[in-house]
$ cat model32.pdb   # PDB, C-alpha atoms, pLDDT in the B column
ATOM      1  CA  MET A  17     -96.810 -27.917  60.785  1.00 94.00           C
ATOM      2  CA  ARG A  18     -96.785 -31.033  58.597  1.00 96.00           C
ATOM      3  CA  ILE A  19     -93.219 -32.369  58.718  1.00 98.00           C
ATOM      4  CA  PHE A  20     -90.978 -35.229  57.632  1.00 98.00           C
ATOM      5  CA  ILE A  21     -87.287 -36.135  57.712  1.00 98.00           C
ATOM      6  CA  ALA A  22     -85.645 -37.233  54.472  1.00 98.00           C
ATOM      7  CA  LEU A  23     -82.357 -37.831  52.739  1.00 98.00           C
ATOM      8  CA  GLU A  24     -81.721 -35.471  49.859  1.00 97.00           C
ATOM      9  CA  LEU A  25     -80.687 -36.826  46.486  1.00 96.00           C
ATOM     10  CA  PRO A  26     -77.645 -35.533  44.612  1.00 95.00           C
ATOM     11  CA  ASP A  27     -78.462 -33.310  41.626  1.00 95.00           C
ATOM     12  CA  LYS A  28     -77.250 -35.926  39.118  1.00 94.00           C
ATOM     13  CA  THR A  29     -79.526 -38.566  40.674  1.00 95.00           C
ATOM     14  CA  ARG A  30     -82.479 -36.141  40.465  1.00 95.00           C
ATOM     15  CA  GLU A  31     -81.689 -35.516  36.784  1.00 95.00           C
ATOM     16  CA  ASN A  32     -81.479 -39.237  36.053  1.00 94.00           C
ATOM     17  CA  LEU A  33     -84.727 -39.952  37.868  1.00 95.00           C
ATOM     18  CA  SER A  34     -86.389 -37.070  36.046  1.00 95.00           C
ATOM     19  CA  ARG A  35     -85.440 -38.757  32.742  1.00 94.00           C
ATOM     20  CA  SER A  36     -87.062 -41.965  33.958  1.00 94.00           C
ATOM     21  CA  ALA A  37     -90.166 -39.976  34.950  1.00 95.00           C
ATOM     22  CA  GLY A  38     -90.244 -38.489  31.455  1.00 94.00           C
ATOM     23  CA  GLN A  39     -90.363 -42.003  30.002  1.00 94.00           C
ATOM     24  CA  LEU A  40     -93.208 -42.860  32.380  1.00 93.00           C
ATOM     25  CA  LYS A  41     -95.044 -39.695  31.390  1.00 94.00           C
ATOM     26  CA  GLU A  42     -94.887 -40.656  27.694  1.00 93.00           C
ATOM     27  CA  LEU A  43     -96.871 -43.813  28.518  1.00 92.00           C
ATOM     28  CA  ALA A  44     -99.326 -42.156  30.907  1.00 93.00           C
ATOM     29  CA  ILE A  45    -102.909 -41.191  30.278  1.00 93.00           C
ATOM     30  CA  SER A  46    -102.988 -39.402  33.641  1.00 93.00           C
ATOM     31  CA  GLY A  47    -100.926 -38.844  36.754  1.00 92.00           C
ATOM     32  CA  ASN A  48     -99.513 -36.217  39.059  1.00 93.00           C
ATOM     33  CA  PHE A  49     -95.765 -36.206  38.588  1.00 94.00           C
ATOM     34  CA  VAL A  50     -93.529 -35.112  41.443  1.00 95.00           C
ATOM     35  CA  PRO A  51     -91.265 -32.173  40.521  1.00 95.00           C
ATOM     36  CA  PRO A  52     -87.587 -33.247  40.572  1.00 96.00           C
ATOM     37  CA  GLN A  53     -86.785 -30.715  43.313  1.00 95.00           C
ATOM     38  CA  ASN A  54     -89.163 -32.697  45.577  1.00 95.00           C
ATOM     39  CA  TYR A  55     -87.454 -36.086  45.069  1.00 97.00           C
ATOM     40  CA  HIS A  56     -86.191 -37.485  48.382  1.00 97.00           C
ATOM     41  CA  VAL A  57     -85.908 -40.687  50.435  1.00 98.00           C
ATOM     42  CA  THR A  58     -88.187 -40.388  53.470  1.00 97.00           C
ATOM     43  CA  LEU A  59     -86.693 -41.500  56.758  1.00 98.00           C
ATOM     44  CA  HIS A  60     -89.714 -40.608  58.930  1.00 97.00           C
ATOM     45  CA  PHE A  61     -92.994 -38.839  58.249  1.00 96.00           C
ATOM     46  CA  LEU A  62     -94.193 -37.213  61.466  1.00 97.00           C
ATOM     47  CA  GLY A  63     -97.329 -35.442  60.248  1.00 95.00           C
ATOM     48  CA  GLU A  64     -98.674 -32.519  62.216  1.00 96.00           C
ATOM     49  CA  VAL A  65     -96.222 -31.268  64.844  1.00 97.00           C
ATOM     50  CA  ALA A  66     -96.364 -28.077  66.882  1.00 97.00           C
ATOM     51  CA  GLU A  67     -93.657 -25.579  66.011  1.00 97.00           C
ATOM     52  CA  SER A  68     -92.612 -25.572  69.674  1.00 97.00           C
ATOM     53  CA  ASP A  69     -91.798 -29.314  69.385  1.00 97.00           C
ATOM     54  CA  LEU A  70     -89.391 -28.938  66.452  1.00 98.00           C
ATOM     55  CA  ILE A  71     -86.461 -28.686  68.878  1.00 98.00           C
ATOM     56  CA  TYR A  72     -87.130 -32.316  69.909  1.00 98.00           C
ATOM     57  CA  VAL A  73     -87.093 -33.470  66.284  1.00 98.00           C
ATOM     58  CA  GLN A  74     -83.826 -31.586  65.765  1.00 98.00           C
ATOM     59  CA  SER A  75     -82.404 -33.236  68.886  1.00 98.00           C
ATOM     60  CA  ALA A  76     -83.231 -36.688  67.498  1.00 98.00           C
ATOM     61  CA  MET A  77     -81.562 -35.770  64.207  1.00 98.00           C
ATOM     62  CA  ASP A  78     -78.482 -34.559  66.095  1.00 98.00           C
ATOM     63  CA  GLY A  79     -78.362 -37.998  67.735  1.00 98.00           C
ATOM     64  CA  VAL A  80     -77.640 -39.678  64.368  1.00 98.00           C
ATOM     65  CA  ARG A  81     -75.263 -37.123  62.867  1.00 97.00           C
ATOM     66  CA  ASP A  82     -72.229 -39.359  63.563  1.00 96.00           C
ATOM     67  CA  MET A  83     -73.718 -42.348  61.729  1.00 97.00           C
ATOM     68  CA  PRO A  84     -72.120 -42.984  58.336  1.00 97.00           C
ATOM     69  CA  ALA A  85     -73.943 -41.888  55.202  1.00 97.00           C
ATOM     70  CA  PRO A  86     -75.733 -44.832  53.567  1.00 97.00           C
ATOM     71  CA  LEU A  87     -74.732 -45.990  50.079  1.00 96.00           C
ATOM     72  CA  LEU A  88     -77.824 -45.963  47.861  1.00 96.00           C
ATOM     73  CA  SER A  89     -78.849 -46.512  44.261  1.00 95.00           C
ATOM     74  CA  LEU A  90     -82.096 -46.383  42.336  1.00 93.00           C
ATOM     75  CA  GLN A  91     -83.105 -49.944  41.618  1.00 89.00           C
ATOM     76  CA  GLN A  92     -86.300 -50.100  39.579  1.00 89.00           C
ATOM     77  CA  VAL A  93     -89.593 -48.340  39.036  1.00 92.00           C
ATOM     78  CA  VAL A  94     -92.528 -50.004  40.804  1.00 92.00           C
ATOM     79  CA  THR A  95     -96.022 -49.228  42.000  1.00 89.00           C
ATOM     80  CA  MET A  96     -96.498 -49.145  45.735  1.00 81.00           C
ATOM     81  CA  ARG A  97     -98.554 -52.075  46.979  1.00 70.00           C
ATOM     82  CA  GLY A  98    -102.247 -51.212  47.079  1.00 70.00           C
ATOM     83  CA  SER A  99    -101.583 -47.788  45.587  1.00 74.00           C
ATOM     84  CA  ASP A 100    -101.397 -45.916  42.307  1.00 83.00           C
ATOM     85  CA  ALA A 101     -98.138 -44.227  43.305  1.00 91.00           C
ATOM     86  CA  VAL A 102     -95.096 -44.924  41.138  1.00 94.00           C
ATOM     87  CA  CYS A 103     -91.755 -45.048  42.945  1.00 95.00           C
ATOM     88  CA  ALA A 104     -88.124 -45.802  42.313  1.00 95.00           C
ATOM     89  CA  ARG A 105     -87.149 -48.520  44.746  1.00 94.00           C
ATOM     90  CA  ILE A 106     -83.886 -47.894  46.608  1.00 95.00           C
ATOM     91  CA  LYS A 107     -81.120 -50.471  46.830  1.00 93.00           C
ATOM     92  CA  GLN A 108     -79.059 -49.890  49.958  1.00 91.00           C
ATOM     93  CA  ASP A 109     -76.136 -51.281  51.923  1.00 86.00           C
ATOM     94  CA  GLY A 110     -78.071 -51.812  55.198  1.00 91.00           C
ATOM     95  CA  VAL A 111     -76.832 -48.559  56.728  1.00 95.00           C
ATOM     96  CA  LEU A 112     -80.033 -46.790  55.631  1.00 97.00           C
ATOM     97  CA  THR A 113     -82.173 -49.197  57.657  1.00 96.00           C
ATOM     98  CA  LEU A 114     -79.912 -48.705  60.685  1.00 97.00           C
ATOM     99  CA  LEU A 115     -80.205 -44.920  60.280  1.00 98.00           C
ATOM    100  CA  HIS A 116     -84.012 -45.162  59.956  1.00 97.00           C
ATOM    101  CA  ASP A 117     -84.270 -47.392  63.044  1.00 97.00           C
ATOM    102  CA  LYS A 118     -81.939 -45.300  65.235  1.00 98.00           C
ATOM    103  CA  LEU A 119     -83.669 -42.070  64.255  1.00 98.00           C
ATOM    104  CA  GLY A 120     -87.035 -43.706  64.993  1.00 98.00           C
ATOM    105  CA  GLU A 121     -85.856 -44.754  68.469  1.00 98.00           C
ATOM    106  CA  LEU A 122     -84.684 -41.226  69.244  1.00 98.00           C
ATOM    107  CA  LEU A 123     -87.915 -39.694  67.938  1.00 98.00           C
ATOM    108  CA  GLU A 124     -89.954 -42.061  70.134  1.00 97.00           C
ATOM    109  CA  LYS A 125     -87.828 -41.178  73.182  1.00 97.00           C
ATOM    110  CA  ASN A 126     -88.675 -37.548  72.431  1.00 97.00           C
ATOM    111  CA  GLY A 127     -92.413 -38.310  72.415  1.00 96.00           C
ATOM    112  CA  PHE A 128     -93.205 -38.777  68.710  1.00 96.00           C
ATOM    113  CA  ASP A 129     -95.162 -41.616  67.154  1.00 93.00           C
ATOM    114  CA  VAL A 130     -93.291 -43.448  64.405  1.00 94.00           C
ATOM    115  CA  GLU A 131     -94.445 -46.203  62.077  1.00 91.00           C
ATOM    116  CA  HIS A 132     -93.289 -49.709  62.903  1.00 88.00           C
ATOM    117  CA  ARG A 133     -94.074 -51.416  59.614  1.00 88.00           C
ATOM    118  CA  ALA A 134     -91.238 -52.685  57.435  1.00 89.00           C
ATOM    119  CA  TYR A 135     -89.161 -49.832  56.030  1.00 93.00           C
ATOM    120  CA  ARG A 136     -89.218 -49.842  52.226  1.00 92.00           C
ATOM    121  CA  PRO A 137     -87.057 -46.959  51.025  1.00 96.00           C
ATOM    122  CA  HIS A 138     -88.154 -45.365  47.766  1.00 95.00           C
ATOM    123  CA  VAL A 139     -88.460 -42.105  45.866  1.00 96.00           C
ATOM    124  CA  THR A 140     -91.998 -41.219  44.793  1.00 95.00           C
ATOM    125  CA  VAL A 141     -92.111 -40.196  41.123  1.00 95.00           C
ATOM    126  CA  ALA A 142     -95.859 -39.947  40.414  1.00 94.00           C
ATOM    127  CA  ARG A 143     -99.212 -40.287  42.149  1.00 92.00           C
ATOM    128  CA  ARG A 144    -102.517 -41.385  40.605  1.00 91.00           C
ATOM    129  CA  TYR A 145    -100.608 -42.865  37.666  1.00 93.00           C
ATOM    130  CA  ARG A 146    -102.657 -44.429  34.875  1.00 91.00           C
ATOM    131  CA  SER A 147    -101.607 -45.962  31.579  1.00 91.00           C
ATOM    132  CA  THR A 148    -103.395 -47.941  28.907  1.00 89.00           C
ATOM    133  CA  LEU A 149    -100.687 -50.589  29.316  1.00 90.00           C
ATOM    134  CA  PRO A 150    -100.287 -52.977  32.245  1.00 89.00           C
ATOM    135  CA  PHE A 151     -97.609 -51.593  34.562  1.00 88.00           C
ATOM    136  CA  SER A 152     -95.379 -54.621  33.874  1.00 87.00           C
ATOM    137  CA  GLU A 153     -95.259 -53.427  30.243  1.00 89.00           C
ATOM    138  CA  VAL A 154     -94.682 -49.806  31.225  1.00 89.00           C
ATOM    139  CA  THR A 155     -91.579 -50.726  33.228  1.00 88.00           C
ATOM    140  CA  LYS A 156     -90.020 -52.383  30.165  1.00 88.00           C
ATOM    141  CA  SER A 157     -89.896 -48.940  28.540  1.00 87.00           C
ATOM    142  CA  VAL A 158     -88.436 -47.080  31.537  1.00 90.00           C
ATOM    143  CA  ASP A 159     -84.693 -46.952  32.055  1.00 89.00           C
ATOM    144  CA  VAL A 160     -83.493 -46.464  35.606  1.00 89.00           C
ATOM    145  CA  PHE A 161     -80.041 -44.926  35.867  1.00 83.00           C
ATOM    146  CA  ASN A 162     -78.712 -46.336  39.095  1.00 78.00           C
ATOM    147  CA  LYS A 163     -75.223 -45.042  39.763  1.00 89.00           C
ATOM    148  CA  ALA A 164     -74.625 -45.435  43.500  1.00 94.00           C
ATOM    149  CA  PHE A 165     -74.483 -42.353  45.706  1.00 95.00           C
ATOM    150  CA  TYR A 166     -74.138 -41.564  49.394  1.00 96.00           C
ATOM    151  CA  GLY A 167     -77.070 -40.047  51.280  1.00 97.00           C
ATOM    152  CA  THR A 168     -75.044 -37.440  53.125  1.00 97.00           C
ATOM    153  CA  GLU A 169     -77.736 -34.827  53.865  1.00 98.00           C
ATOM    154  CA  ALA A 170     -80.680 -35.511  56.189  1.00 98.00           C
ATOM    155  CA  VAL A 171     -83.211 -32.706  56.158  1.00 98.00           C
ATOM    156  CA  LEU A 172     -86.249 -31.828  58.238  1.00 98.00           C
ATOM    157  CA  PHE A 173     -88.890 -30.480  55.869  1.00 98.00           C
ATOM    158  CA  GLU A 174     -92.225 -28.816  56.355  1.00 97.00           C
ATOM    159  CA  SER A 175     -94.675 -29.890  53.666  1.00 95.00           C
ATOM    160  CA  VAL A 176     -96.830 -26.911  52.739  1.00 94.00           C
ATOM    161  CA  LEU A 177     -99.943 -28.027  50.898  1.00 88.00           C
ATOM    162  CA  GLY A 178    -101.743 -25.824  48.431  1.00 83.00           C
ATOM    163  CA  LYS A 179    -102.682 -25.850  44.790  1.00 83.00           C
ATOM    164  CA  GLY A 180    -100.357 -28.010  42.728  1.00 78.00           C
ATOM    165  CA  ALA A 181     -97.387 -29.873  44.151  1.00 78.00           C
ATOM    166  CA  PRO A 182     -96.582 -29.487  47.866  1.00 87.00           C
ATOM    167  CA  GLN A 183     -93.817 -27.045  48.686  1.00 92.00           C
ATOM    168  CA  TYR A 184     -91.055 -28.464  50.873  1.00 95.00           C
ATOM    169  CA  VAL A 185     -89.526 -25.890  53.186  1.00 96.00           C
ATOM    170  CA  GLU A 186     -86.231 -26.823  54.818  1.00 97.00           C
ATOM    171  CA  LEU A 187     -86.306 -26.374  58.592  1.00 98.00           C
ATOM    172  CA  TYR A 188     -83.124 -28.134  59.720  1.00 98.00           C
ATOM    173  CA  ARG A 189     -80.258 -30.093  58.160  1.00 98.00           C
ATOM    174  CA  ILE A 190     -77.510 -32.419  59.314  1.00 98.00           C
ATOM    175  CA  SER A 191     -74.631 -33.864  57.319  1.00 98.00           C
ATOM    176  CA  LEU A 192     -73.726 -37.513  57.670  1.00 98.00           C
ATOM    177  CA  PRO A 193     -70.040 -38.413  57.284  1.00 97.00           C
ATOM    178  CA  LEU A 194     -68.844 -40.642  54.470  1.00 96.00           C
ATOM    179  CA  PRO A 195     -67.878 -44.119  55.717  1.00 90.00           C
ATOM    180  CA  LYS A 196     -64.238 -44.604  56.565  1.00 84.00           C
ATOM    181  CA  GLN A 197     -62.388 -46.553  53.887  1.00 74.00           C
ATOM    182  CA  ASN A 198     -60.476 -49.628  55.085  1.00 61.00           C
TER     183      ASN A 198
END

$ encode --input "model32.pdb" --output "structure tokens"
Amino acid sequence: MRIFIALELPDKTRENLSRSAGQLKELAISGNFVPPQNYHVTLHFLGEVAESDLIYVQSAMDGVRDMPAPLLSLQQVVTMRGSDAVCARIKQDGVLTLLHDKLGELLEKNGFDVEHRAYRPHVTVARRYRSTLPFSEVTKSVDVFNKAFYGTEAVLFESVLGKGAPQYVELYRISLPLPKQN
């Protein structure tokens, strides 16, 4: 099974990002646009994992379920360095990085390999994006609606590849509590 753990986006955030993607699409000559139902913020991509090992991934997720939900907002549309993928960069309060790091530690303790490069949270909007304009000009025509939201749902997904966009099948979910107000 090809799996990853991600934070789900609220419906309103998906709708707003879909509008931004529509503006990108108007300026595109080609590209594979991610369906709005597939928008997410990846915490950890684990790749191929045996079904019998899913219990260890779930255990790691259970180990972060008491961490507060991170406060997030969509910041700007960018291309990923060295790539033709277009993403909405995520502005966060620091809690997201702590959640990513703690989950990574628990996954490693349970025998999984995790990436140790700098964590750059984002939502992928399109792959293989091409425009006749330089991307710096494209971004001037794309509005990013960035009302802050809490990432309260962490989900373990299986990515099922086939023709067209991958299908994400939910395997496990935890809810993260909202931070306590002072």

$ closest_atom_pairs --input "model32.pdb" --of "segment 17-72 of chain A" --to "segment 117-130 of chain A" --cutoff "12 Å" --atoms "all atoms listed in the file" --output "Markdown table"
| residue | atom | partner | partner_atom | distance |
| --- | --- | --- | --- | --- |
| A:Ile19 | CA | A:Phe128 | CA | 11.9 |
| A:Phe20 | CA | A:Val130 | CA | 10.9 |
| A:Ile21 | CA | A:Leu119 | CA | 9.5 |
| A:Ala22 | CA | A:Leu119 | CA | 11.1 |
| A:Thr58 | CA | A:Leu119 | CA | 11.8 |
| A:Leu59 | CA | A:Leu119 | CA | 8.1 |
| A:His60 | CA | A:Val130 | CA | 7.1 |
| A:Phe61 | CA | A:Val130 | CA | 7.7 |
| A:Leu62 | CA | A:Val130 | CA | 7.0 |
| A:Gly63 | CA | A:Asp129 | CA | 9.5 |
| A:Glu64 | CA | A:Phe128 | CA | 10.5 |
| A:Val65 | CA | A:Phe128 | CA | 9.0 |
| A:Ala66 | CA | A:Phe128 | CA | 11.3 |
| A:Asp69 | CA | A:Asn126 | CA | 9.3 |
| A:Leu70 | CA | A:Asn126 | CA | 10.5 |
| A:Ile71 | CA | A:Asn126 | CA | 9.8 |
| A:Tyr72 | CA | A:Asn126 | CA | 6.0 |

$ write_last_selection --input "model32.pdb" --atoms "C-alpha atoms" --output "CSV table (one decimal), in the coordinates of the input"
chain,number,residue,atom,x,y,z
A,19,ILE,CA,-93.2,-32.4,58.7
A,20,PHE,CA,-91.0,-35.2,57.6
A,21,ILE,CA,-87.3,-36.1,57.7
A,22,ALA,CA,-85.6,-37.2,54.5
A,58,THR,CA,-88.2,-40.4,53.5
A,59,LEU,CA,-86.7,-41.5,56.8
A,60,HIS,CA,-89.7,-40.6,58.9
A,61,PHE,CA,-93.0,-38.8,58.2
A,62,LEU,CA,-94.2,-37.2,61.5
A,63,GLY,CA,-97.3,-35.4,60.2
A,64,GLU,CA,-98.7,-32.5,62.2
A,65,VAL,CA,-96.2,-31.3,64.8
A,66,ALA,CA,-96.4,-28.1,66.9
A,69,ASP,CA,-91.8,-29.3,69.4
A,70,LEU,CA,-89.4,-28.9,66.5
A,71,ILE,CA,-86.5,-28.7,68.9
A,72,TYR,CA,-87.1,-32.3,69.9

$ closest_atom_pairs --input "model32.pdb" --of "segment 147-194 of chain A" --to "segment 32-35 of chain A" --cutoff "12 Å" --atoms "only C-alpha atoms" --output "Markdown table"
| residue | atom | partner | partner_atom | distance |
| --- | --- | --- | --- | --- |
| A:Ser157 | CA | A:Arg35 | CA | 11.9 |
| A:Val158 | CA | A:Arg35 | CA | 8.9 |
| A:Asp159 | CA | A:Arg35 | CA | 8.3 |
| A:Val160 | CA | A:Leu33 | CA | 7.0 |
| A:Phe161 | CA | A:Asn32 | CA | 5.9 |
| A:Asn162 | CA | A:Asn32 | CA | 8.2 |
| A:Lys163 | CA | A:Asn32 | CA | 9.3 |
| A:Ala164 | CA | A:Asn32 | CA | 11.9 |

$ axis_aligned_box --input "model32.pdb" --around "segment 118-128 of chain A" --padding-each-side "3 Å" --output "JSON"
{"center_x": -87.6, "center_y": -41.4, "center_z": 68.7, "size_x": 17.3, "size_y": 13.8, "size_z": 14.9}

$ residues_around --input "model32.pdb" --residues "Ser99 of chain A" --least-positions-apart "4" --cutoff "9 Å" --atoms "only C-alpha atoms" --output "count of residues only"
3

$ resolve_selection --input "model32.pdb" --expression "the PyMOL selection byres ((chain A and resi 74-91) around 6)" --output "PyMOL selection string"
chain A and resi 71-73+92+105-109+111-112+122-123+162-168+192-195

$ write_last_selection --input "model32.pdb" --atoms "C-alpha atoms" --output "CSV table (one decimal), in the coordinates of the input"
chain,number,residue,atom,x,y,z
A,71,ILE,CA,-86.5,-28.7,68.9
A,72,TYR,CA,-87.1,-32.3,69.9
A,73,VAL,CA,-87.1,-33.5,66.3
A,92,GLN,CA,-86.3,-50.1,39.6
A,105,ARG,CA,-87.1,-48.5,44.7
A,106,ILE,CA,-83.9,-47.9,46.6
A,107,LYS,CA,-81.1,-50.5,46.8
A,108,GLN,CA,-79.1,-49.9,50.0
A,109,ASP,CA,-76.1,-51.3,51.9
A,111,VAL,CA,-76.8,-48.6,56.7
A,112,LEU,CA,-80.0,-46.8,55.6
A,122,LEU,CA,-84.7,-41.2,69.2
A,123,LEU,CA,-87.9,-39.7,67.9
A,162,ASN,CA,-78.7,-46.3,39.1
A,163,LYS,CA,-75.2,-45.0,39.8
A,164,ALA,CA,-74.6,-45.4,43.5
A,165,PHE,CA,-74.5,-42.4,45.7
A,166,TYR,CA,-74.1,-41.6,49.4
A,167,GLY,CA,-77.1,-40.0,51.3
A,168,THR,CA,-75.0,-37.4,53.1
A,192,LEU,CA,-73.7,-37.5,57.7
A,193,PRO,CA,-70.0,-38.4,57.3
A,194,LEU,CA,-68.8,-40.6,54.5
A,195,PRO,CA,-67.9,-44.1,55.7

$ atom_distance --input "model32.pdb" --atom1 "atom CA of Leu40 of chain A" --atom2 "atom CA of Pro182 of chain A"
20.7 Å

$ atom_distance --input "model32.pdb" --atom1 "atom CA of Phe151 of chain A" --atom2 "atom CA of Ala101 of chain A"
11.4 Å

$ residues_near_point --input "model32.pdb" --point "(-101.6, -35.4, 31.7)" --cutoff "12 Å" --atoms "only C-alpha atoms" --output "PyMOL selection string"
chain A and resi 38+40-49+142-147

$ resolve_selection --input "model32.pdb" --expression "the PyMOL selection byres ((chain A and resi 185) around 7)" --output "ChimeraX atom specification"
/A:173-175,183-184,186-187

$ atom_distance --input "model32.pdb" --atom1 "atom CA of His132 of chain A" --atom2 "atom CA of Gly110 of chain A"
17.2 Å

$ closest_residue --input "model32.pdb" --among "A:Val102, A:Arg97, A:Tyr135, A:Pro26" --to "Leu115 of chain A" --atoms "all atoms listed in the file"
A:Tyr135

$ closest_residue --input "model32.pdb" --among "A:Asn54, A:Met17, A:Ala104, A:His138" --to "Ala181 of chain A" --atoms "all atoms listed in the file"
A:Asn54

$ residues_near_point --input "model32.pdb" --point "(-80.2, -33.6, 47.2)" --cutoff "8 Å" --atoms "only C-alpha atoms" --output "PyMOL selection string"
chain A and resi 23-27+30+55-56+169

$ build_atoms --input "model32.pdb" --residues "segment 174-181 of chain A" --atoms "all heavy atoms" --output "PDB file, keeping the file's coordinate frame"
ATOM      1  N   GLU A 174     -90.799 -29.070  56.172  1.00 97.00           N
ATOM      2  CA  GLU A 174     -92.225 -28.816  56.355  1.00 97.00           C
ATOM      3  C   GLU A 174     -92.852 -28.974  54.974  1.00 97.00           C
ATOM      4  O   GLU A 174     -92.351 -28.449  53.978  1.00 97.00           O
ATOM      5  CB  GLU A 174     -92.486 -27.408  56.871  1.00 97.00           C
ATOM      6  CG  GLU A 174     -93.973 -27.096  56.973  1.00 97.00           C
ATOM      7  CD  GLU A 174     -94.285 -25.672  57.404  1.00 97.00           C
ATOM      8  OE1 GLU A 174     -93.369 -24.829  57.437  1.00 97.00           O
ATOM      9  OE2 GLU A 174     -95.466 -25.409  57.701  1.00 97.00           O
ATOM     10  N   SER A 175     -93.935 -29.707  54.908  1.00 95.00           N
ATOM     11  CA  SER A 175     -94.675 -29.890  53.666  1.00 95.00           C
ATOM     12  C   SER A 175     -95.855 -28.920  53.687  1.00 95.00           C
ATOM     13  O   SER A 175     -96.770 -29.060  54.498  1.00 95.00           O
ATOM     14  CB  SER A 175     -95.171 -31.335  53.563  1.00 95.00           C
ATOM     15  OG  SER A 175     -95.916 -31.512  52.384  1.00 95.00           O
ATOM     16  N   VAL A 176     -95.787 -27.928  52.810  1.00 94.00           N
ATOM     17  CA  VAL A 176     -96.830 -26.911  52.739  1.00 94.00           C
ATOM     18  C   VAL A 176     -97.743 -27.268  51.577  1.00 94.00           C
ATOM     19  O   VAL A 176     -97.313 -27.284  50.423  1.00 94.00           O
ATOM     20  CB  VAL A 176     -96.227 -25.499  52.556  1.00 94.00           C
ATOM     21  CG1 VAL A 176     -97.326 -24.448  52.484  1.00 94.00           C
ATOM     22  CG2 VAL A 176     -95.243 -25.188  53.678  1.00 94.00           C
ATOM     23  N   LEU A 177     -98.990 -27.606  51.912  1.00 88.00           N
ATOM     24  CA  LEU A 177     -99.943 -28.027  50.898  1.00 88.00           C
ATOM     25  C   LEU A 177    -100.694 -26.819  50.360  1.00 88.00           C
ATOM     26  O   LEU A 177    -100.983 -25.879  51.081  1.00 88.00           O
ATOM     27  CB  LEU A 177    -100.925 -29.044  51.479  1.00 88.00           C
ATOM     28  CG  LEU A 177    -100.293 -30.296  52.098  1.00 88.00           C
ATOM     29  CD1 LEU A 177    -101.370 -31.177  52.714  1.00 88.00           C
ATOM     30  CD2 LEU A 177     -99.495 -31.066  51.058  1.00 88.00           C
ATOM     31  N   GLY A 178    -100.988 -26.887  49.087  1.00 83.00           N
ATOM     32  CA  GLY A 178    -101.743 -25.824  48.431  1.00 83.00           C
ATOM     33  C   GLY A 178    -102.149 -26.332  47.067  1.00 83.00           C
ATOM     34  O   GLY A 178    -102.237 -27.539  46.841  1.00 83.00           O
ATOM     35  N   LYS A 179    -102.376 -25.432  46.151  1.00 83.00           N
ATOM     36  CA  LYS A 179    -102.682 -25.850  44.790  1.00 83.00           C
ATOM     37  C   LYS A 179    -101.403 -26.360  44.142  1.00 83.00           C
ATOM     38  O   LYS A 179    -100.334 -25.800  44.327  1.00 83.00           O
ATOM     39  CB  LYS A 179    -103.253 -24.688  43.987  1.00 83.00           C
ATOM     40  CG  LYS A 179    -104.638 -24.296  44.445  1.00 83.00           C
ATOM     41  CD  LYS A 179    -105.242 -23.256  43.533  1.00 83.00           C
ATOM     42  CE  LYS A 179    -106.645 -22.940  44.029  1.00 83.00           C
ATOM     43  NZ  LYS A 179    -107.382 -22.145  43.092  1.00 83.00           N
ATOM     44  N   GLY A 180    -101.527 -27.445  43.381  1.00 78.00           N
ATOM     45  CA  GLY A 180    -100.357 -28.010  42.728  1.00 78.00           C
ATOM     46  C   GLY A 180     -99.546 -28.872  43.682  1.00 78.00           C
ATOM     47  O   GLY A 180    -100.040 -29.361  44.695  1.00 78.00           O
ATOM     48  N   ALA A 181     -98.280 -29.026  43.357  1.00 78.00           N
ATOM     49  CA  ALA A 181     -97.387 -29.873  44.151  1.00 78.00           C
ATOM     50  C   ALA A 181     -97.113 -29.231  45.504  1.00 78.00           C
ATOM     51  O   ALA A 181     -97.043 -28.009  45.621  1.00 78.00           O
ATOM     52  CB  ALA A 181     -96.072 -30.082  43.408  1.00 78.00           C
TER      53      ALA A 181
END
